[in-house]
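**Student:** I'm passing along final.cif; it holds mmCIF, C-alpha atoms.
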```cif
data_work
#
loop_
_atom_site.label_atom_id
_atom_site.label_comp_id
_atom_site.auth_asym_id
_atom_site.auth_seq_id
_atom_site.Cartn_x
_atom_site.Cartn_y
_atom_site.Cartn_z
CA MET A 2 16.96 -26.65 321.60
CA LEU A 3 13.21 -27.13 321.92
CA LYS A 4 12.43 -30.38 320.16
CA LYS A 5 9.31 -31.15 322.14
CA LYS A 6 6.01 -30.39 320.38
CA ILE A 7 4.34 -27.42 322.00
CA GLN A 8 0.61 -27.05 322.52
CA ILE A 9 -0.53 -23.54 321.67
CA GLU A 10 -3.74 -22.57 323.40
CA ASN A 11 -5.80 -19.42 323.17
CA ALA A 12 -8.38 -17.29 324.91
CA VAL A 13 -10.39 -16.44 321.80
CA ARG A 14 -13.65 -17.91 323.10
CA LYS A 15 -13.37 -16.06 326.42
CA LEU A 16 -12.41 -12.81 324.69
CA ARG A 17 -15.38 -13.06 322.33
CA PHE A 18 -17.77 -13.30 325.25
CA ASN A 19 -16.04 -10.42 327.01
CA ASN A 20 -16.50 -8.33 323.86
CA ASP A 21 -20.28 -7.97 323.92
CA GLU A 22 -20.70 -11.68 323.16
CA MET A 23 -19.23 -11.31 319.72
CA THR A 24 -20.26 -14.21 317.49
CA GLN A 25 -17.81 -16.50 315.69
CA GLN A 26 -19.21 -15.16 312.40
CA GLN A 27 -18.53 -11.55 313.44
CA LEU A 28 -14.95 -12.35 314.42
CA ALA A 29 -14.44 -14.35 311.22
CA LYS A 30 -15.66 -11.41 309.14
CA GLU A 31 -13.47 -9.00 311.10
CA VAL A 32 -10.26 -10.96 310.42
CA GLY A 33 -11.22 -12.24 306.94
CA VAL A 34 -11.51 -15.97 307.49
CA SER A 35 -14.35 -18.49 307.49
CA ARG A 36 -16.37 -19.25 310.63
CA GLN A 37 -15.06 -22.83 310.50
CA THR A 38 -11.50 -21.54 310.95
CA ILE A 39 -12.53 -19.64 314.11
CA VAL A 40 -14.25 -22.82 315.37
CA ALA A 41 -11.06 -24.84 314.72
CA ILE A 42 -8.90 -22.22 316.48
CA GLU A 43 -11.17 -22.17 319.55
CA LYS A 44 -11.06 -25.97 319.76
CA TYR A 45 -7.21 -25.87 319.47
CA LYS A 46 -7.52 -27.98 316.31
CA TYR A 47 -5.78 -25.37 314.22
CA THR A 48 -2.94 -23.00 315.07
CA PRO A 49 -3.30 -19.81 313.02
CA SER A 50 -0.48 -18.15 311.12
CA LEU A 51 1.33 -15.26 312.78
CA ASP A 52 -0.54 -12.87 310.48
CA LEU A 53 -3.96 -14.19 311.52
CA ALA A 54 -2.95 -14.41 315.20
CA PHE A 55 -1.99 -10.71 315.14
CA LYS A 56 -5.25 -9.80 313.39
CA ILE A 57 -7.26 -11.62 316.09
CA ALA A 58 -5.26 -9.95 318.87
CA LEU A 59 -5.75 -6.53 317.24
CA THR A 60 -9.50 -7.14 316.98
CA PHE A 61 -9.64 -7.56 320.77
CA GLU A 62 -7.11 -4.70 321.24
CA MET A 63 -4.77 -7.00 323.13
CA GLU A 64 -1.17 -8.16 322.94
CA ILE A 65 -0.70 -11.39 320.97
CA GLN A 66 0.76 -13.23 324.02
CA ASP A 67 -2.44 -12.51 325.94
CA VAL A 68 -4.53 -14.20 323.27
CA PHE A 69 -2.22 -17.07 322.25
CA PHE A 70 -0.05 -18.84 324.80
CA ILE A 71 1.78 -22.12 325.38
CA HIS A 72 0.18 -24.77 327.56
CA GLN A 73 2.48 -25.35 330.55
CA MET B 18 -23.11 -29.04 306.57
CA ASN B 19 -20.90 -26.10 305.69
CA ILE B 20 -20.30 -24.66 302.23
CA LYS B 21 -16.86 -26.29 301.87
CA ILE B 22 -18.18 -29.81 302.46
CA ARG B 23 -21.15 -29.08 300.19
CA ASN B 24 -18.92 -27.90 297.33
CA THR B 25 -16.57 -30.86 297.80
CA LEU B 26 -19.55 -33.25 297.71
CA ALA B 27 -20.69 -31.57 294.47
CA GLU B 28 -17.24 -32.20 292.98
CA ILE B 29 -17.23 -35.86 294.10
CA THR B 30 -20.73 -36.39 292.68
CA GLY B 31 -19.81 -34.71 289.37
CA ALA B 32 -16.60 -36.71 288.96
CA SER B 33 -18.32 -39.98 289.93
CA LEU B 34 -21.21 -39.45 287.49
CA ALA B 35 -18.76 -38.62 284.69
CA MET B 36 -16.77 -41.76 285.49
CA ILE B 37 -19.90 -43.93 285.43
CA TRP B 38 -20.98 -42.35 282.13
CA MET B 39 -17.55 -43.02 280.58
CA TRP B 40 -17.52 -46.59 281.93
CA LEU B 41 -20.93 -47.30 280.39
CA ASN B 42 -19.79 -45.87 277.06
CA LEU B 43 -16.54 -47.81 277.08
CA THR B 44 -17.90 -51.32 277.70
CA GLU B 45 -17.11 -52.16 274.07
CA ALA B 46 -13.75 -50.36 274.15
CA SER B 47 -11.84 -53.32 272.70
CA LEU B 48 -13.95 -53.05 269.55
CA MET B 49 -13.77 -49.26 269.33
CA THR B 50 -11.26 -47.18 267.41
CA ILE B 51 -8.82 -44.95 269.29
CA GLN B 52 -10.66 -41.90 267.93
CA ALA B 53 -13.96 -43.11 269.36
CA VAL B 54 -12.40 -43.89 272.76
CA SER B 55 -10.66 -40.50 272.86
CA LYS B 56 -13.96 -38.81 272.00
CA VAL B 57 -15.73 -40.53 274.93
CA LEU B 58 -12.88 -39.64 277.32
CA ALA B 59 -12.81 -36.01 276.17
CA GLN B 60 -16.59 -35.76 276.51
CA GLY B 61 -16.37 -37.34 279.96
CA ILE B 62 -13.71 -34.89 281.16
CA GLY B 63 -15.54 -31.88 279.69
CA GLY B 64 -18.87 -33.15 280.98
CA SER B 65 -17.49 -33.59 284.50
CA ILE B 66 -16.35 -29.94 284.58
CA ILE B 67 -19.78 -28.68 283.46
CA LEU B 68 -21.54 -31.12 285.82
CA ILE B 69 -19.46 -29.94 288.80
CA ILE B 70 -20.32 -26.28 288.06
CA VAL B 71 -24.03 -27.12 287.71
CA LEU B 72 -24.00 -29.23 290.92
CA HIS B 73 -22.24 -26.40 292.82
CA ILE B 74 -25.06 -24.03 291.80
CA ILE B 75 -27.83 -26.56 292.58
CA PHE B 76 -26.35 -27.52 295.99
CA ASN B 77 -25.97 -23.87 296.99
CA ILE B 78 -29.48 -22.91 295.83
CA LEU B 79 -30.95 -25.88 297.74
CA SER B 80 -28.95 -24.98 300.85
CA SER B 81 -30.11 -21.33 300.66
CA ILE B 82 -33.73 -22.48 300.32
CA ILE B 83 -33.47 -24.92 303.26
CA THR B 84 -31.53 -22.69 305.66
CA GLY B 85 -32.99 -19.40 304.42
CA GLN B 86 -29.61 -17.66 304.35
CA TYR B 87 -26.75 -17.17 301.90
CA GLU B 88 -23.41 -18.55 303.02
CA GLU B 89 -20.36 -16.82 301.55
CA ASP B 90 -17.51 -19.07 300.37
CA ILE B 91 -14.36 -17.61 301.93
CA ASP B 92 -11.00 -19.19 301.07
CA ASP B 93 -8.61 -18.65 303.97
CA GLU B 94 -5.19 -19.97 305.07
CA ARG B 95 -6.67 -23.17 306.56
CA ASP B 96 -8.42 -23.98 303.27
CA LYS B 97 -5.15 -23.45 301.40
CA ILE B 98 -3.39 -25.95 303.70
CA PHE B 99 -6.16 -28.50 303.06
CA GLU B 100 -5.93 -27.81 299.31
CA LEU B 101 -2.21 -28.51 299.52
CA TYR B 102 -2.73 -31.84 301.35
CA ALA B 103 -5.34 -32.85 298.77
CA LEU B 104 -3.03 -31.85 295.91
CA GLN B 105 -0.21 -33.92 297.39
CA VAL B 106 -2.46 -36.98 297.66
CA SER B 107 -3.90 -36.65 294.15
CA SER B 108 -0.45 -36.00 292.62
CA ALA B 109 1.01 -39.05 294.38
CA ILE B 110 -1.85 -41.35 293.32
CA PHE B 111 -1.90 -40.02 289.75
CA GLY B 112 1.90 -40.23 289.44
CA ILE B 113 2.02 -43.81 290.70
CA SER B 114 -0.91 -44.75 288.42
CA ILE B 115 0.82 -43.35 285.32
CA VAL B 116 4.04 -45.26 286.04
CA ALA B 117 2.07 -48.46 286.84
CA THR B 118 0.03 -48.09 283.64
CA LEU B 119 3.12 -47.60 281.48
CA VAL B 120 4.85 -50.59 283.11
CA LEU B 121 1.77 -52.81 282.67
CA LEU B 122 1.33 -51.66 279.06
CA GLY B 123 4.81 -52.88 278.20
CA TRP B 124 4.73 -55.94 280.42
CA PHE B 125 1.45 -57.39 279.16
CA ASN B 126 1.72 -55.86 275.69
CA LEU B 127 -1.62 -54.07 276.10
CA THR B 128 -3.14 -51.72 273.56
CA ILE B 129 -2.73 -47.95 273.71
CA ILE B 130 -6.51 -47.70 274.23
CA SER B 131 -6.18 -49.58 277.55
CA GLY B 132 -3.47 -47.17 278.65
CA LEU B 133 -5.52 -44.14 277.67
CA ILE B 134 -8.54 -45.39 279.62
CA ALA B 135 -6.46 -46.44 282.65
CA ILE B 136 -4.70 -43.05 282.85
CA THR B 137 -7.96 -41.07 282.52
CA PHE B 138 -9.73 -43.18 285.14
CA SER B 139 -6.76 -43.02 287.52
CA GLY B 140 -6.94 -39.22 287.22
CA PHE B 141 -10.59 -39.27 288.24
CA ILE B 142 -9.92 -41.74 291.10
CA ALA B 143 -7.00 -39.61 292.36
CA SER B 144 -9.24 -36.56 292.27
CA ILE B 145 -12.08 -38.30 294.13
CA LEU B 146 -9.71 -39.65 296.83
CA SER B 147 -8.18 -36.21 297.36
CA LEU B 148 -11.69 -34.74 297.66
CA LEU B 149 -12.59 -37.39 300.26
CA LEU B 150 -9.47 -36.40 302.19
CA LYS B 151 -10.64 -32.77 302.06
CA ILE B 152 -14.04 -33.76 303.51
CA TYR B 153 -12.26 -35.66 306.31
CA LEU B 154 -10.11 -32.60 307.07
CA TYR B 155 -13.08 -30.20 307.00
CA LYS B 156 -14.93 -32.43 309.48
#
```
Step by step, read the file and then write its structure as structure tokens.

**Tutor:**
Amino acid sequence: MLKKKIQIENAVRKLRFNNDEMTQQQLAKEVGVSRQTIVAIEKYKYTPSLDLAFKIALTFEMEIQDVFFIHQ
Amino acid sequence: MNIKIRNTLAEITGASLAMIWMWLNLTEASLMTIQAVSKVLAQGIGGSIILIIVLHIIFNILSSIITGQYEEDIDDERDKIFELYALQVSSAIFGISIVATLVLLGWFNLTIISGLIAITFSGFIASILSLLLKIYLYK
């Protein structure tokens, strides 16, 4: 059983820049959240719900595990 | 300062001003009738709601003038989590205050007017503390 707290990291910031330097506001609008939520996700201060994580991955046309992953 | 913090500050300001207004009108509460005290409390609660709406509008107009752009207020899953934390805090504080007020009323044989004022003010204090928690979380 995994009792240890896991640190979920993401590549949202990198993916934004690889996607024509998409702004945080543009991504926020695309997935229907506030810009502050995108800021918090990028700083690893907030782990999004599965629904939002899938929406972000779909925006970048990537698999969810390529956007969100566990810090080893 | 983002729109969430701005709106929360408007709510804190509105609630605080209403509390101050009620406090100033209840300095002679021991000499007032229960009807008069209830009237002040009801006016304070109603006034705080109107004041918060007005302050929301003023803060947002001022922000639009200063920054030159309109910021949309989007409520997402993170905001709902923060709302839930704030609700938990305000419910806990308000619940404890009601029990404490009822106990103190019986213990010290206080008047019903004291209880009414204490419960109303504890509601405002619980609300302000939960709003401060929201500001801390948004930061």

**Student:** Within 9 Å of chain A, which residues belong to chain B? Use all atoms listed in the file and report them as an MDAnalysis selection string.

**Tutor:** chainID B and resid 19 89:96 155

**Student:** Record the distance separating CA of Leu127 (chain B) and CA of Leu43 (chain B), expressed in Å with one decimal.

**Tutor:**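 Separating CA of Leu127 (chain B) from CA of Leu43 (chain B) is a distance of 16.2 Å.
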
**Student:** What is the distance between CA of Met18 (chain B) and CA of Lys156 (chain B), in Å to one decimal?

**Tutor:**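 Going from CA of Met18 (chain B) over to CA of Lys156 (chain B), I get 9.3 Å.
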
**Student:** Of the candidates A:Lys4, A:Glu10, A:Gln26, A:Glu31, which shows the shortest atom-to-atom distance to Phe69 (chain A), using only C-alpha atoms?

**Tutor:**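 Ranked by minimum distance to Phe69 (chain A), first place goes to A:Glu10.
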
**Student:** Mind pulling up the distance from CA of Ser107 (chain B) to CA of Ser147 (chain B)?

**Tutor:**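 We find that CA of Ser147 (chain B) and CA of Ser107 (chain B) lie 5.4 Å from each other.
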
**Student:** Return as JSON the centre and edge lengths, in Å with one decimal, of the box along x, y and z that encloses every atom of region 90-103 of chain B in the file, padded by 4 Å per side.

**Tutor:**
```
{"center_x": -9.9, "center_y": -25.2, "center_z": 302.7, "size_x": 23.3, "size_y": 23.2, "size_z": 15.8}
```

**Student:** I need the residue set behind the PyMOL selection byres ((chain A and resi 8) around 6) for this file; please write it as a list in words.

**Tutor:**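 Answer for the PyMOL selection byres ((chain A and resi 8) around 6): Ile7, Ile9, Ile71 and His72 of chain A.
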
**Student:** Starting from the PyMOL selection byres ((chain B and resi 22-37) around 8), expand the selection into actual residues of this file and give them as an MDAnalysis selection string.

**Tutor:** chainID B and resid 18:21 38:41 61:62 64:66 68:69 72:73 76:77 138 141 145 148:149 151:152 155

**Student:** Could you list, as a PDB file with C-alpha atoms, in the coordinates of the input, every residue matched by the PyMOL selection byres ((chain A and resi 60) around 12) in this structure?

**Tutor:**
```
ATOM      1  CA  VAL A  13     -10.390 -16.440 321.800  1.00  0.00           C
ATOM      2  CA  LEU A  16     -12.410 -12.810 324.690  1.00  0.00           C
ATOM      3  CA  ARG A  17     -15.380 -13.060 322.330  1.00  0.00           C
ATOM      4  CA  ASN A  20     -16.500  -8.330 323.860  1.00  0.00           C
ATOM      5  CA  MET A  23     -19.230 -11.310 319.720  1.00  0.00           C
ATOM      6  CA  GLN A  27     -18.530 -11.550 313.440  1.00  0.00           C
ATOM      7  CA  LEU A  28     -14.950 -12.350 314.420  1.00  0.00           C
ATOM      8  CA  ALA A  29     -14.440 -14.350 311.220  1.00  0.00           C
ATOM      9  CA  LYS A  30     -15.660 -11.410 309.140  1.00  0.00           C
ATOM     10  CA  GLU A  31     -13.470  -9.000 311.100  1.00  0.00           C
ATOM     11  CA  VAL A  32     -10.260 -10.960 310.420  1.00  0.00           C
ATOM     12  CA  GLY A  33     -11.220 -12.240 306.940  1.00  0.00           C
ATOM     13  CA  LEU A  53      -3.960 -14.190 311.520  1.00  0.00           C
ATOM     14  CA  ALA A  54      -2.950 -14.410 315.200  1.00  0.00           C
ATOM     15  CA  PHE A  55      -1.990 -10.710 315.140  1.00  0.00           C
ATOM     16  CA  LYS A  56      -5.250  -9.800 313.390  1.00  0.00           C
ATOM     17  CA  ILE A  57      -7.260 -11.620 316.090  1.00  0.00           C
ATOM     18  CA  ALA A  58      -5.260  -9.950 318.870  1.00  0.00           C
ATOM     19  CA  LEU A  59      -5.750  -6.530 317.240  1.00  0.00           C
ATOM     20  CA  PHE A  61      -9.640  -7.560 320.770  1.00  0.00           C
ATOM     21  CA  GLU A  62      -7.110  -4.700 321.240  1.00  0.00           C
ATOM     22  CA  MET A  63      -4.770  -7.000 323.130  1.00  0.00           C
ATOM     23  CA  GLU A  64      -1.170  -8.160 322.940  1.00  0.00           C
ATOM     24  CA  ILE A  65      -0.700 -11.390 320.970  1.00  0.00           C
ATOM     25  CA  VAL A  68      -4.530 -14.200 323.270  1.00  0.00           C
TER      26      VAL A  68
END
```

**Student:** List the neighbours of Ile136 (chain B) out to 9 Å using only C-alpha atoms; skip same-chain residues closer than 5 positions along the sequence, and give me the result as a PyMOL selection string.

**Tutor:** chain B and resi 111+114-115+118+131+141

**Student:** Should you be able to, write chain A of this structure into a file that contains C-alpha atoms, as a CSV table (one decimal), in the first residue's frame.

**Tutor:**
```
chain,number,residue,atom,x,y,z
A,2,MET,CA,0.0,0.0,0.0
A,3,LEU,CA,1.3,3.5,-0.9
A,4,LYS,CA,1.0,5.5,2.3
A,5,LYS,CA,3.7,8.0,1.4
A,6,LYS,CA,2.6,11.3,0.1
A,7,ILE,CA,3.3,11.7,-3.6
A,8,GLN,CA,4.5,14.8,-5.3
A,9,ILE,CA,2.7,15.3,-8.6
A,10,GLU,CA,4.6,17.5,-11.0
A,11,ASN,CA,3.7,18.7,-14.5
A,12,ALA,CA,5.1,20.0,-17.7
A,13,VAL,CA,2.4,22.6,-18.3
A,14,ARG,CA,4.8,25.6,-18.4
A,15,LYS,CA,7.1,23.8,-20.9
A,16,LEU,CA,4.2,22.7,-23.0
A,17,ARG,CA,2.7,26.2,-23.1
A,18,PHE,CA,6.0,27.6,-24.5
A,19,ASN,CA,6.2,24.7,-27.0
A,20,ASN,CA,2.7,25.6,-28.2
A,21,ASP,CA,3.4,29.0,-29.8
A,22,GLU,CA,4.1,30.5,-26.4
A,23,MET,CA,0.6,30.2,-25.3
A,24,THR,CA,-0.2,32.5,-22.4
A,25,GLN,CA,-1.6,31.4,-19.0
A,26,GLN,CA,-4.7,33.3,-19.8
A,27,GLN,CA,-5.2,31.5,-23.1
A,28,LEU,CA,-4.8,28.1,-21.4
A,29,ALA,CA,-7.1,29.1,-18.6
A,30,LYS,CA,-9.8,30.2,-21.1
A,31,GLU,CA,-9.3,27.0,-23.1
A,32,VAL,CA,-9.9,24.7,-20.0
A,33,GLY,CA,-12.4,27.0,-18.3
A,34,VAL,CA,-10.6,28.0,-15.1
A,35,SER,CA,-9.0,31.2,-13.8
A,36,ARG,CA,-5.5,32.3,-14.6
A,37,GLN,CA,-4.6,32.0,-10.9
A,38,THR,CA,-5.4,28.3,-11.1
A,39,ILE,CA,-3.0,27.8,-14.0
A,40,VAL,CA,-0.4,29.7,-12.0
A,41,ALA,CA,-0.9,27.5,-9.0
A,42,ILE,CA,-0.7,24.3,-11.1
A,43,GLU,CA,2.5,25.4,-12.8
A,44,LYS,CA,4.1,26.2,-9.3
A,45,TYR,CA,3.0,22.7,-8.1
A,46,LYS,CA,0.9,24.5,-5.4
A,47,TYR,CA,-2.3,22.9,-6.6
A,48,THR,CA,-3.0,19.4,-8.0
A,49,PRO,CA,-5.9,19.6,-10.5
A,50,SER,CA,-8.8,17.2,-10.5
A,51,LEU,CA,-8.7,14.4,-13.0
A,52,ASP,CA,-11.3,16.2,-15.1
A,53,LEU,CA,-9.1,19.4,-15.4
A,54,ALA,CA,-5.9,17.4,-15.8
A,55,PHE,CA,-7.5,15.6,-18.9
A,56,LYS,CA,-8.7,18.9,-20.3
A,57,ILE,CA,-5.2,20.4,-20.0
A,58,ALA,CA,-3.7,17.3,-21.6
A,59,LEU,CA,-6.3,17.4,-24.4
A,60,THR,CA,-5.5,21.1,-25.1
A,61,PHE,CA,-1.9,20.1,-25.8
A,62,GLU,CA,-3.0,17.0,-27.6
A,63,MET,CA,-1.0,14.8,-25.3
A,64,GLU,CA,-1.5,11.8,-23.0
A,65,ILE,CA,-2.2,12.8,-19.4
A,66,GLN,CA,0.9,10.9,-18.1
A,67,ASP,CA,3.1,13.1,-20.4
A,68,VAL,CA,1.7,16.2,-18.8
A,69,PHE,CA,1.3,15.1,-15.2
A,70,PHE,CA,3.8,12.8,-13.5
A,71,ILE,CA,5.1,11.7,-10.1
A,72,HIS,CA,8.3,13.1,-8.9
A,73,GLN,CA,10.8,10.2,-8.4
```
